[in-house]
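J.: Below is a structure I'd like to ask you about.
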Amino acid sequence: MAEFQIQGPFRENEVVDIFAKEGIQYETRNERYKLLNDTMFEKTNGGYWISFSKDKPIAVQGIGLHNGVYLLLGLVSHGSDYEGKLDVSDTRGAGSAVSNKVIELHGDKPIVGMAKPAGKKIFSKVGFKDIDIENGSVVGQDDIPEDVKDLIESIYAKGVIPNEVAPIRKLYFKPISNWFYIMQRR
């Protein structure tokens with residue numbers, strides 16, 4: 001696997017411009033995730049990190065803060081767009097590299113996403129789990145805002161999960177030092 005340089009955060013329109021300079025049409029989250037248009041996943045402002053190889057942008061991961069949780073705003077790899085220009089060994093793993101870095105930078109709150117099957121494989125490697133849904137309702141997710149749970153349930157009701165997108169989340173752990181400090185004061 002290549003060594004990737006991770007840079008960011010960028011705004012989504014900056015990401016479009018960076019890829020356009022390489023002749024690659026980067027589709028915005030509005031264009032990629034039709035089910036999430038006009039929802040918090042489209043409207044939340046966030047940052048985008050890009051994985052570069054040999055000064056070429058290969059993959060992007062977006063994330064933004066919404067009501068006390070981070071929302072995944074899209075993971076996209078354009079490694080195949082460099083076929084014939086870069087060796088596969090220069091592009092393989094760019095999505096995982098950028099995703100790992102972004103998740104590492106945002107471990108202080110729960111992270112919630114709606115992942116396509118290919119993205120779900122990458123996110124599972126960094127500790128994401130499926131959000132359980134029973135009888136059409138999100139269960140056991142008390143730290144996720146109601147509007148996010150309502151959206152997940154409405155998408156599930158349309159019958160597209162898990163074929164098109166699946167709700168995933170990553171737990172976070174509060175630092176033990178806070179617990180230790182509280183116990184010392186007693």
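Starting from 1 in every chain, residues are counted up; chains themselves are A, B, ... following the order of the structure tokens, and ligands are numbered from 1 as listed.
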Residues at most 12 Å from A:His66, counting only C-alpha atoms, excluding those fewer than 6 positions away in the same chain, as an MDAnalysis selection string?
T.: chainID A and resid 39:46 72:73 109:113 144:148
J.: Please produce an output containing C-alpha atoms for each residue in the selection, written as a JSON list (two decimals), in the first residue's frame.
T.:
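Result went into selection-v2.json, see below:
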[["chain", "number", "residue", "atom", "x", "y", "z"],
["A", 39, "THR", "CA", -31.60, 16.12, 5.37],
["A", 40, "MET", "CA", -28.99, 16.90, 7.98],
["A", 41, "PHE", "CA", -26.53, 14.74, 6.00],
["A", 42, "GLU", "CA", -26.72, 17.24, 3.14],
["A", 43, "LYS", "CA", -27.22, 20.44, 5.14],
["A", 44, "THR", "CA", -24.57, 19.98, 7.85],
["A", 45, "ASN", "CA", -21.46, 22.02, 7.25],
["A", 46, "GLY", "CA", -18.37, 19.97, 7.61],
["A", 72, "LEU", "CA", -20.24, 11.10, 7.99],
["A", 73, "LEU", "CA", -20.61, 13.29, 4.90],
["A", 109, "LYS", "CA", -18.35, 12.19, 20.09],
["A", 110, "PRO", "CA", -20.39, 9.41, 18.50],
["A", 111, "ILE", "CA", -20.09, 9.24, 14.72],
["A", 112, "VAL", "CA", -23.14, 8.29, 12.65],
["A", 113, "GLY", "CA", -23.30, 7.54, 8.96],
["A", 144, "ILE", "CA", -28.06, 9.80, 18.81],
["A", 145, "PRO", "CA", -30.30, 12.85, 18.22],
["A", 146, "GLU", "CA", -33.99, 12.14, 17.57],
["A", 147, "ASP", "CA", -33.95, 13.81, 14.15],
["A", 148, "VAL", "CA", -31.16, 11.46, 13.02]]
J.: With a distance cut-off of 6 Å and only C-alpha atoms, select the neighbouring residues of A:Ala115, excluding the residue or stretch itself and same-chain residues fewer than 2 positions from it, and output the selection as JSON, numbers by chain.
T.: {"A": [113, 119, 120, 165, 166]}
J.: How would the residues just picked look written out with N, CA and C atoms as a tab-separated table (two decimals), in the first residue's frame?
T.:
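Produced file selection29.tsv, reproduced below:
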chain	number	residue	atom	x	y	z
A	113	GLY	N	-23.32	7.43	10.41
A	113	GLY	CA	-23.30	7.54	8.96
A	113	GLY	C	-24.32	6.64	8.31
A	119	GLY	N	-18.41	1.29	1.32
A	119	GLY	CA	-17.96	2.10	2.44
A	119	GLY	C	-18.11	1.38	3.77
A	120	LYS	N	-19.17	0.59	3.89
A	120	LYS	CA	-19.41	-0.14	5.13
A	120	LYS	C	-18.25	-1.08	5.44
A	165	VAL	N	-28.09	1.77	1.32
A	165	VAL	CA	-27.31	2.37	2.40
A	165	VAL	C	-27.69	1.69	3.70
A	166	ALA	N	-26.76	1.67	4.63
A	166	ALA	CA	-27.01	1.08	5.94
A	166	ALA	C	-26.59	2.06	7.01
J.: One decimal, in Å: what's the spacing between atom CA of A:Arg32 and atom CA of A:Pro117?
T.: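 Here the two named atoms are 13.7 Å from each other.
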J.: Taking into account only C-alpha atoms, which residue in the set A:Ile50, A:Ile152, A:Ile133, A:Met114 is nearest to A:Gly95?
T.: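 Residue with the minimum atom-to-atom distance to A:Gly95: A:Ile50.
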J.: With only C-alpha atoms as the basis for distance, which of A:Asp150, A:Asp142, A:Asp132, A:Glu12 is at the shortest distance from A:Gly62?
T.: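 With only C-alpha atoms as the atom set, the closest residue is A:Glu12.
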J.: Which of these residues is nearest to A:Leu151, using only C-alpha atoms: A:Val69, A:Gly74, A:Asp130, A:Leu36?
T.: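 Between A:Val69, A:Gly74, A:Asp130, A:Leu36, the residue approaching A:Leu151 most closely is A:Leu36.
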J.: Which residues in stretch 5-183 of chain A does DSSP call helix (DSSP H, G or I)? List them as a PyMOL selection string.
T.: chain A and resi 12-20+29-32+34-36+40-43+79-82+88-91+94-105+117-124+146-157+176-183
J.: Show which residues sit within 12 Å of A:Ser99, as a PyMOL selection string. Count only C-alpha atoms, and ignore same-chain residues fewer than 3 positions away.
T.: chain A and resi 4+6-7+48-51+59-63+72-77+93-96+102-106+119-128
J.: Can you list, as a list in words, every residue of stretch 110-178 of chain A that DSSP puts in strand (DSSP E)?
T.: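 Matching residues for strand (DSSP E) in stretch 110-178 of chain A are Ile111, Val112, Gly113, Met114, Ala115, Lys129, Asp130, Ile133, Glu134, Ser137, Val138, Ala166, Pro167, Ile168, Arg169 and Lys170 of chain A.
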J.: Would you write out those residues with C-alpha atoms, as a compact mmCIF listing (two decimals), in the first residue's frame?
T.:
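Saved the output as result_33.txt:
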# COMPACT_ATOMS: atom_id res chain seq x y z
CA ILE A 111 -20.09 9.24 14.72
CA VAL A 112 -23.14 8.29 12.65
CA GLY A 113 -23.30 7.54 8.96
CA MET A 114 -25.35 6.07 6.18
CA ALA A 115 -22.87 3.88 4.33
CA LYS A 129 -21.17 -1.18 13.86
CA ASP A 130 -24.63 -1.45 12.37
CA ILE A 133 -33.50 -1.51 13.84
CA GLU A 134 -36.35 -3.58 15.24
CA SER A 137 -37.48 1.61 14.99
CA VAL A 138 -33.89 2.44 15.92
CA ALA A 166 -27.01 1.08 5.94
CA PRO A 167 -27.01 3.09 9.16
CA ILE A 168 -23.72 2.70 11.02
CA ARG A 169 -22.15 4.29 14.06
CA LYS A 170 -18.96 4.37 16.05
J.: Considering only C-alpha atoms, can you say which of A:Pro57, A:Gly107, A:Gly140, A:Gly47 comes closest to A:Gln5?
T.: A:Pro57
